[in-house]
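*Asks:* One structure follows; several queries about it will come next.
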Amino acid sequence: MVSAPTSSPRMPRQMPKLPKDLKLNEVPKSQDVSKTKTSPSKHGFSITPLVARAPMRRLDVQPFAVANIVLIGLDMVEILPNRVFAVACGLVLILHFSMFLLGQWDVNFRARIGYEPAPAAYNGSGCDKNKWTHCLVHPPPNSGESLIVEVQHGDRISIKFQEIIFRCDDSDSTGTSFKRLELPVDLELDHYVGSLGHDTAASLVKNQNDFGMNEHQVPTPSFVDCLLPQLIAPFFLFQVFCVILWSLDEYWYYAIFTLIMLILFECTQAFNRLKSLQRLRDTLRPAYYVLTYRKMKWVPILTDSLVAGDLISLTSRPLSSGLGKKEETETYHQVPCDLLMIRGSAVVNEAMLTGESVPQIKEAVDPSQHSKGTCFDVDDPSFRRNIVFGGTFVVDQSPSDRTGNTEINDVGSWSKYNVPIPTDSGSICYVLRTGFETQQGQLLRTMMFSGNGSNNGVNNYDNFIFILLLLFCALVAASTVIYHTWEDETRNKFRVVLHVIIILTSVVPPELPMELSLAVTSSLAALANLLVYCTEPFRIPLAGEVDTCCFDKTGTLTSDEMILRGFRCLGPGMTIICANGSKEGSNADLIDPLECTISATVGATSKPPVASKGKIPLDTIRAMVGCQSLTLAKDGKTPIGDPLELAVLKGCGFRLRNNSVVEPCESDDGKIDSVVIHYRFAFESRLKRMTVVARDESKDNMFVLTKGAPEVVQDLCKSTTLPPNYTKVYRYHMSRGQRVLCLAYKDIGAKYKVSDLKKRGRSFLEKDMIFAGFAVFECPLKPDSYRIVNELKSSSHSAVMITGDAALTAAEVARQVGIIDTEPKTTYDLREMKRILPDGFEESAFAFVPIDALPGEYTPEECIAFVPGNVPVLRDLVDKSELSLCLSGDAITKVAIAAVKSSWDPKQTHHLPIDVTTVLRDPAARNVLKALVPLISVFARHSPRQKEAVIMALNDAGRTTLMCGDGTNDVGALRQAHVGISILNAPEIESKVRIAAEKFKKSKKKSLQELADAQQDLVQVALGDASMASPFTSRTMSIKCCKDILLRGRCTLVTMLQIYKILGVNCLVNALVLTNLHMHGVKQGDRQLTVMGLVVAALFLFVTKGKPLNSLASKRPPSSVLCVQALISIASQFLIHLVSILAVANMTLPYIDPDDPSMTPDGPFNPNTLNTACFLILMSATVNTFIVNYRGRPFMQTFKQNKLLLRTVQVSFAALGICVLEIFEPLNRLMQFAPLPGGEFLVHIDDGGANINRILAMLLSWVGFKASLIFIMVADSIVAFKTEKLIIKAFEG
C-alpha cells in the first residue's frame, strides 16, 4: 500500500505506495476523540451464592453414614464374613478420607459436597436471599486462591473476600450478582467542598455500616495454622505415602531420614510465611488521634475509627491524646487514609508508595478550575495533586494555600463551606477511602494474597507432562517385574505388589519442591547482597526468559537532576537568534541568565520581549521563575519540589523568600523586582502546561505566566508574536535529547481581582498570550546506561524506551544510550491521516512518517503505511537496524479507537461511546496493538495507562518483558511486566554521586571518601510499600540492577532445569535398578539408601550455590524441560546408564550361588555381589548426573569454580573407589557391602546358569571383577559426559 523512500539506500525493499486520496495533513494531537465514559467494567471476581447443606445432607456425611449403618447391621446379623466386613470398612474409611482430602484440595469440590447453589430469579420471580449462607469466590488470575466465604446479612447482603467488601446488586435481573463496595470517590466536586462531614449520628452509623472502619488488620495465624495446609497438600501426602512404602519394605533409616527432611522443609516454609506477615504488620503504625469534624464540632478521634465522608484536620505531627497536645517527635506524620484536600496545602513524601524521594506538593481542590457539575475521579492524574494518599508522610503543612491566602473564595460552591478552622491549624481534608481500599491498603492486599509461594517459576504444564513421561517409563519397568514374577509360586504376592508400587512412585521425585525452592532461595540471598530485593520469588526464573527490556527515560536511563542550559529568545529581527545564519541555530545561541544582565526595558505589553547583546528580557525571566510550584521545607530555607523548577531557580539566580514570593539571590539595587504569585493552575499531563497569576512585588499589574510543551503553548499565543523559525528551533533542541519548555505571558493590568480570575478559569487566561522564549534543559545520562543497554542488546534482548517526553527528545536519548542504531533520517513516527472515501466521508489511516518532518514537509513516497501487509516488511527492516520506529501516546490511543470502530457490526447504527481511558484494554484494540507494539523502539508522550497498555501488548505478542522505572507513572507498567524493577529516584543524591565521581577521576586521593559517602547515602534512602509491591526493588540508581537480575534469573533458570534433568535421569536409573533387583528377589540395604540420600541432598545443595558470570551470554537458556534438547539429553543419559547397569548386573551373576540364602526371593536384606555391585554402579551414575548436567558457561560459573560441588564429587568418587577396591574394610561393612569376587566363576557359562555375554566374560577373565567394575563406572561417566557435550553443540552451536 505504500513504499519506502526510494532515495534511501538503506531500504531496498519496495512496498506499495500510499493511495492518492490520503491527506498529508495530520489530525491535530490536541483533538479529543471522546470524553464520554461507558459504564464501569466488572470487578473481575466470580461470585456464586451458596446455601450450606444440613450436616446430614452433606455429600461427605450422608452416604458414608448410610454405608456404616448398613455394614453394622449386616455384621450384627452375621451375614458378612469378618474378612469381608473388615475390607468393606476399610474401603469406606479410605473413600471418606479421600473425599475429605479432595474437599481440602479443590474449593469447587468442597462447594459441591457441602453446599447447594442458590437459586436465581427468573421471569421476574424473586429469590430468597435470606437463605444464602456462603459464596464461592474466584479471584482474577494471579490474585490469590479461591475461597468459600460467609455471607453477612444486614440492610444489604454482603461478603468480605481478601479484605474487599462486595454487596449484592439489587439491580441485576437474576438477583445473584455482586458489586464491589462503592466509596464516595466519584461525586461532584460541589459535594466535597460543601460537605459538613457526618453532622448527625444517623449519617455516621450509616457510613460505618456501608463503608466500614479505617482498619488494616493483617492476619496473625499461628504456626500450626500455617503448617497444617502444607501438611495436607497433595505433594506432601504423596511424599508421606512414599515414606510408608519404604517402611513396609523395611527401609527404616531411609524412611525416617526422608520424613524428617520433609517436615523440616514444610516447617521452614511456614516460618517464612509468618515472618513475611510480621514484616507487613511492622509497616503499619498504631492508631493515633486526629481532629475530626463530627456533629458540627472538632473532636479527637482515633484514626482506626475514621469513616469515608469524615472531615479531618491534617497536620505534620499527630496528636498524642484527645486533648489536642502535639507529640514531640522528629518523625513525620503518616497519613491514615486516602484524603481529598479541601482547604490548605501540604508537602508529602510519597516514597512509601512510589519510591519517589522528591516530596510532592498537595493543594486544595478548586471547583472554579473545572466546569459546573464536574465529577471527581480518583484515578484522573489531574486530581492527583489534590489527593493525599494513606501511608505517605506529611513533611510540612499549612492551613492556607501556598500563596498565603487563608480566606475561602466566595464563588460557586465555596459559599456553602461553613466548617470552622480546626484548633490545631491543620489542613481540612475529606476522607475518600479507608482500610484496605486505600492506596496503601491495596498494596498490602496485593502482597498478602497475590503470591502464595506455590509457584516456583517453572511452567506447571511442563512439570505435569514431564512427570507423565517418567511414569510411562516406570509402568514399563513395573510391567516387566509383574511379567517375570507374578507366576512364580515362590514369590510373595504382597511383596511383588509393594515393589511394583515403589517402582511407580520412585519416578516422582519427592525432593523436587525442596530443590526448586533451594534454587530460588539462593538467588534471593544473592540479589539482596546486591541491594536488590524481591517480594515475588517465583519471578526470578522468569527473569531468565526475558527477551524484551523496557526502560523509562527520566530517572532511569537519565538522571532526575535537571540542568538549565539557557534560553533562546527573539532578536531585533523578530526571529529567534541564530548566530550561524540557519533557521534553527545551535546550542551556542543559548543565553545563560547568570552571565548577562536582566533588561526591564526591552519588550512591550503587546509585543514579544527581545534580547540584545549581554541582556535577557525581564519578561522571559519572570515567566520562568514565576511559573513554578515550589515550596519551602520546614526550615524555611530549603526549596523542595520538581527538580526542573529547582534547576530554574539555581540557573537564574533566584530563591524562594516564601511559598509565594521569588526574589533575586543577590541585591541589584531594586532594578529587578521580586515576583509575587497569587494563584496557580497546576501542571496537568493532559494539558501539558502550567499557568500562574502573578505580579511584580512593587507594582499592581497582574501577569498571566505560562510554561509548557512548545506544540501546546504555540496555540495559546498570538500568531503575530510567534517567530517564523519557532518550530525549527524547538525541534532542533529536542532532536539533541534536550528538554524544551515554551514560555509565554500576558499583562492583564490591575483591574481584576484574583477571585474573578479564578472564576473565569484557564480558558479566559490562557489565550492571546505573548511568546517569551524557550527554556532548554539537559538531563545527564546515568554513567552506565549506554554500557548496560548495549550489553543487553548483545545478549539477545530487545531494548525499548517508554517515556512521557516528546518523540524527538526520546528518540535522541534512545540513540545516545544505544536503544536505536539508526540515524534520524531513518527514524519514523506513526501519525494519523485522513483518507477520503468515494462517498465523501473520511476514515482514519496511519502511516510512519520521518520523525523530524513537519506536516507538509513529506510526500507519500517517504511514508510507510501501517497496514497488515506491511508488518512483516517493517519487522524485517527493524530487525536489520535499517529502520527505527517511534509511537506517541496520542497515536496509540487513536490506533486503538480505530481498531474498536472497525470491529463494530456495520448493520448496527448505534454504538456505545468509546471511553479513551479503557479503550486500550478492548480485545479488538489489543489484537491490533500486539502486532504494532513489537515493532516500536521508542514510545513517547505516554501516560501511565498507555505505558501499562504497551507492556500488555508486548505480553500479548508472546514476549517476556522486563520493565525498569521509578516513580508513580511507572507503577502500572511495573505490575504488568513479567519482571518489574523499581529503582531509586533521588536527584540530590544522584548529583552528589556524579560530582564525586568526576572529582574522583581528576584527583583520586581527595575524592575517594566523598564518592564512598555518596554511595552510602543511597543505601540509607528509605523505600516503601509500592516499591515492595513491584516484584523487584533496587536501592541503586543504576540500571545495572537489570543486568544483575537477568544474570541471576538465567542462572536460576538453568539451575532449575539442571535439577529437573538430574532428578529425571536419577529416577529412571533408580527404577531400573529396583526392577533388576526385584526380578531376582533381592533388595538394597537401608544404610545404602540413607547414605545415598545424604550425598544427593548435599550435591543438590551445592548445585544451587552456583553463581552467574559477570557478563550476559549472547544466547538465552532453554526455558522448558520439555524442549527437544532436554528430552534427548535425558533419554541418552538413561540409555548409557541402562547399558552400564545391565552389564554390571549380568557380570555379577556368574559369581552368585543359586542356593545362596541372600538370593531367597522377597526375604530380608542380605549383602551379596548383585546388590553390592548394583548399588556401586547406581551411586556412580547418580553422582555422574550432577557432573554431566551441570551447565556452567555461558550462564553460570564452571563446575571447577563451584568448589563445594567439585569437592563433594571428588570425595564421592574417592569413596566409591575405596569401596570397590576394598581398601578400608570398615567402610564396606558400614555400607553393608558383600566382598567382591576375585576368583573363578561359581556358575560356568557353558552351564547356562549365567546370562552373560562373551565380551564381559573376556573382560572378567583378563582383569578381574573389581577392575572390570571400575572400568564400566569410568566408561559410563566419560560416555555420558561426551554425549551431553555433543548434544549441546548440536543444538546451540
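Residue numbering restarts at 1 for every chain of the C-alpha cells, chains are lettered A, B, ... in their displayed order, and ligands are numbered from 1 as they appear.
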Excluding region 540-549 of chain A and any residue of its chain fewer than 2 positions from it, enumerate the residues within 8 Å of it, using only C-alpha atoms, and give them as a PyMOL selection string.
*Replies:* chain A and resi 456-458+520+523+536-538+551+796-800+959-964+978-979+1045-1053+1116-1117+1119
*Asks:* Next, write the just-selected residues to a file, as a PDB file, in the first residue's frame, keeping C-alpha atoms as the atom set.
*Replies:*
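So again.pdb came out as:
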ATOM      1  CA  ASN A 456       8.330 -21.659  41.596  1.00  0.00           C
ATOM      2  CA  GLY A 457       8.550 -20.027  38.187  1.00  0.00           C
ATOM      3  CA  VAL A 458       8.576 -23.156  36.022  1.00  0.00           C
ATOM      4  CA  VAL A 520      15.162 -19.665  44.277  1.00  0.00           C
ATOM      5  CA  SER A 523      19.064 -16.325  44.313  1.00  0.00           C
ATOM      6  CA  GLU A 536       7.675 -12.356  44.460  1.00  0.00           C
ATOM      7  CA  PRO A 537      10.407 -15.038  44.296  1.00  0.00           C
ATOM      8  CA  PHE A 538       8.727 -17.019  41.507  1.00  0.00           C
ATOM      9  CA  PHE A 551      13.001   1.466  30.298  1.00  0.00           C
ATOM     10  CA  SER A 796      19.596 -11.352  22.644  1.00  0.00           C
ATOM     11  CA  HIS A 797      17.441  -8.791  24.420  1.00  0.00           C
ATOM     12  CA  SER A 798      15.387  -6.107  22.706  1.00  0.00           C
ATOM     13  CA  ALA A 799      15.641  -2.674  24.353  1.00  0.00           C
ATOM     14  CA  VAL A 800      12.684  -0.299  24.372  1.00  0.00           C
ATOM     15  CA  ARG A 959       7.239 -11.509  24.690  1.00  0.00           C
ATOM     16  CA  THR A 960       8.645 -11.986  28.177  1.00  0.00           C
ATOM     17  CA  THR A 961       9.016  -8.433  29.433  1.00  0.00           C
ATOM     18  CA  LEU A 962      11.159  -6.554  31.898  1.00  0.00           C
ATOM     19  CA  MET A 963      10.135  -3.030  32.904  1.00  0.00           C
ATOM     20  CA  CYS A 964      12.543  -0.779  34.752  1.00  0.00           C
ATOM     21  CA  HIS A 978       6.840 -10.309  33.977  1.00  0.00           C
ATOM     22  CA  VAL A 979       9.794  -8.685  35.751  1.00  0.00           C
ATOM     23  CA  ILE A1045      18.587  -9.671  37.863  1.00  0.00           C
ATOM     24  CA  LEU A1046      18.842 -11.117  34.358  1.00  0.00           C
ATOM     25  CA  LEU A1047      22.141 -12.813  35.202  1.00  0.00           C
ATOM     26  CA  ARG A1048      20.689 -14.276  38.370  1.00  0.00           C
ATOM     27  CA  GLY A1049      17.472 -15.191  36.548  1.00  0.00           C
ATOM     28  CA  ARG A1050      19.317 -17.095  33.849  1.00  0.00           C
ATOM     29  CA  CYS A1051      21.475 -18.805  36.454  1.00  0.00           C
ATOM     30  CA  THR A1052      18.379 -19.810  38.460  1.00  0.00           C
ATOM     31  CA  LEU A1053      16.512 -20.999  35.373  1.00  0.00           C
ATOM     32  CA  ARG A1116      19.227 -17.397  26.066  1.00  0.00           C
ATOM     33  CA  PRO A1117      18.994 -20.667  28.026  1.00  0.00           C
ATOM     34  CA  SER A1119      13.090 -22.231  29.114  1.00  0.00           C
TER      35      SER A1119
END
*Asks:* Could you pull out the residues in region 1151-1212 of chain A that DSSP calls alpha helix (DSSP H) from the backbone, as a VMD selection string?
*Replies:* chain A and resid 1169 to 1189 1203 to 1212
*Asks:* Let me make sure I understand: among A:Asn1184, A:Ser685, A:Ser98, A:Asn529, which one has the smallest atom-to-atom distance to Gly708 (chain A) if we use only C-alpha atoms?
*Replies:*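 Closest residue, counting only C-alpha atoms: A:Ser685.
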*Asks:* I'd like to know which of A:Asp852, A:Asp366, A:Asp829, A:Glu857 is closest to Cys886 (chain A), using only C-alpha atoms.
*Replies:*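 So, comparing all the options, the nearest one is A:Asp829.
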*Asks:* Pick from A:Ile802, A:Ala1145, A:Phe1102, A:Glu1225: nearest to Lys1203 (chain A), with only C-alpha atoms counted?
*Replies:* A:Phe1102
*Asks:* Out of region 631-840 of chain A, which residues get strand (DSSP E) from DSSP, as a PyMOL selection string?
*Replies:* chain A and resi 631-632+639-640+654-658+661-664+675-684+689-696+702-708+739-749+770-778+798-802+827-836
*Asks:* Give me, as a ChimeraX atom specification, all polymer residues having an atom no more than 9 Å from region 817-822 of chain A, counting only C-alpha atoms and skipping those fewer than 4 positions away in the same chain.
*Replies:* /A:557,781,785-790,793,798-801,811-813,826-827,881-885,937-938
*Asks:* Would you mind exporting N, CA, C and O atoms of the selected residues as a short mmCIF file (atom, residue, chain, number, x, y, z; two decimals), in the first residue's frame?
*Replies:*
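For reference, selection04.cif as written:
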data_model
loop_
_atom_site.label_atom_id
_atom_site.label_comp_id
_atom_site.auth_asym_id
_atom_site.auth_seq_id
_atom_site.Cartn_x
_atom_site.Cartn_y
_atom_site.Cartn_z
N LEU A 557 17.10 5.91 32.70
CA LEU A 557 18.26 5.99 31.80
C LEU A 557 19.04 7.28 32.02
O LEU A 557 20.26 7.33 31.89
N LEU A 781 22.83 11.71 31.14
CA LEU A 781 22.71 10.26 31.18
C LEU A 781 23.38 9.71 32.43
O LEU A 781 24.38 10.25 32.91
N SER A 785 24.40 3.78 31.66
CA SER A 785 23.21 3.47 30.87
C SER A 785 23.60 2.91 29.50
O SER A 785 23.05 1.90 29.05
N TYR A 786 24.53 3.59 28.82
CA TYR A 786 24.94 3.14 27.48
C TYR A 786 25.53 1.74 27.54
O TYR A 786 25.19 0.87 26.73
N ARG A 787 26.40 1.53 28.50
CA ARG A 787 27.08 0.22 28.58
C ARG A 787 26.08 -0.91 28.86
O ARG A 787 26.11 -1.96 28.21
N ILE A 788 25.16 -0.69 29.79
CA ILE A 788 24.21 -1.74 30.16
C ILE A 788 23.25 -2.04 29.01
O ILE A 788 22.97 -3.20 28.70
N VAL A 789 22.74 -0.99 28.36
CA VAL A 789 21.80 -1.20 27.25
C VAL A 789 22.47 -2.01 26.14
O VAL A 789 21.86 -2.93 25.57
N ASN A 790 23.70 -1.68 25.83
CA ASN A 790 24.38 -2.41 24.76
C ASN A 790 24.72 -3.84 25.16
O ASN A 790 24.71 -4.74 24.31
N LYS A 793 21.46 -5.69 24.61
CA LYS A 793 21.18 -5.93 23.20
C LYS A 793 22.09 -7.02 22.63
O LYS A 793 21.67 -7.80 21.78
N SER A 798 15.82 -7.34 23.37
CA SER A 798 15.39 -6.11 22.71
C SER A 798 15.27 -5.01 23.76
O SER A 798 14.78 -5.26 24.86
N ALA A 799 15.71 -3.81 23.43
CA ALA A 799 15.64 -2.67 24.35
C ALA A 799 14.63 -1.66 23.84
O ALA A 799 14.63 -1.33 22.65
N VAL A 800 13.78 -1.19 24.73
CA VAL A 800 12.68 -0.30 24.37
C VAL A 800 12.63 0.82 25.40
O VAL A 800 12.89 0.61 26.58
N MET A 801 12.28 2.05 24.94
CA MET A 801 12.08 3.18 25.84
C MET A 801 10.60 3.55 25.87
O MET A 801 9.96 3.66 24.83
N ALA A 811 13.76 10.00 21.17
CA ALA A 811 14.49 9.28 20.13
C ALA A 811 15.98 9.58 20.21
O ALA A 811 16.81 8.68 20.03
N GLU A 812 16.34 10.82 20.49
CA GLU A 812 17.75 11.17 20.57
C GLU A 812 18.40 10.53 21.79
O GLU A 812 19.52 10.01 21.70
N VAL A 813 17.72 10.55 22.93
CA VAL A 813 18.28 9.89 24.12
C VAL A 813 18.39 8.38 23.87
O VAL A 813 19.37 7.76 24.26
N THR A 826 16.38 7.90 9.22
CA THR A 826 15.70 6.60 9.11
C THR A 826 14.97 6.26 10.40
O THR A 826 14.77 5.09 10.72
N THR A 827 14.58 7.28 11.14
CA THR A 827 13.74 7.11 12.32
C THR A 827 12.36 7.67 12.00
O THR A 827 12.24 8.83 11.60
N SER A 881 18.11 -3.32 11.66
CA SER A 881 18.54 -1.97 12.06
C SER A 881 18.60 -1.02 10.89
O SER A 881 19.41 -0.08 10.85
N GLU A 882 17.76 -1.23 9.90
CA GLU A 882 17.65 -0.30 8.79
C GLU A 882 16.56 0.73 9.03
O GLU A 882 16.42 1.68 8.26
N LEU A 883 15.81 0.55 10.09
CA LEU A 883 14.69 1.43 10.37
C LEU A 883 14.42 1.40 11.86
O LEU A 883 14.52 0.35 12.50
N SER A 884 14.11 2.55 12.45
CA SER A 884 13.68 2.64 13.84
C SER A 884 12.34 3.35 13.88
O SER A 884 12.15 4.35 13.18
N LEU A 885 11.43 2.84 14.70
CA LEU A 885 10.08 3.36 14.73
C LEU A 885 9.74 3.91 16.11
O LEU A 885 10.13 3.34 17.14
N SER A 937 10.50 0.99 18.91
CA SER A 937 11.66 1.10 19.81
C SER A 937 11.50 2.21 20.84
O SER A 937 12.06 2.13 21.92
N VAL A 938 10.75 3.25 20.49
CA VAL A 938 10.59 4.41 21.39
C VAL A 938 9.11 4.75 21.48
O VAL A 938 8.46 5.00 20.46
#
*Asks:* In Å, rounded to a single decimal, give me how far CA of Pro140 (chain A) is from CA of Ser222 (chain A).
*Replies:* 27.8 Å
*Asks:* Show me a table, sorted first by chain and then by increasing residue number, of the residues of region 711-806 of chain A having an atom at most 7 Å from region 696-702 of chain A, each with its shortest atom pair and the distance in Å to one decimal, counting only C-alpha atoms and written as a Markdown table.
*Replies:*
| residue | atom | partner | partner_atom | distance |
| --- | --- | --- | --- | --- |
| A:Asp747 | CA | A:Met702 | CA | 6.1 |
| A:Ile748 | CA | A:Met702 | CA | 5.6 |
| A:Gly749 | CA | A:Asn701 | CA | 4.4 |
| A:Ala750 | CA | A:Asn701 | CA | 4.6 |
*Asks:* Any chance you could export the current selection's N, CA, C and O atoms as a tab-separated table (two decimals), in the first residue's frame?
*Replies:*
chain	number	residue	atom	x	y	z
A	747	ASP	N	0.00	40.52	30.07
A	747	ASP	CA	-0.23	41.58	31.06
A	747	ASP	C	-1.71	41.88	31.07
A	747	ASP	O	-2.29	42.35	30.08
A	748	ILE	N	-2.38	41.63	32.21
A	748	ILE	CA	-3.84	41.85	32.30
A	748	ILE	C	-4.17	43.05	33.18
A	748	ILE	O	-5.34	43.26	33.53
A	749	GLY	N	-3.13	43.83	33.52
A	749	GLY	CA	-3.37	45.05	34.27
A	749	GLY	C	-3.78	44.79	35.71
A	749	GLY	O	-3.58	43.70	36.26
A	750	ALA	N	-4.41	45.80	36.33
A	750	ALA	CA	-4.77	45.71	37.75
A	750	ALA	C	-6.28	45.74	37.95
A	750	ALA	O	-6.76	45.98	39.06
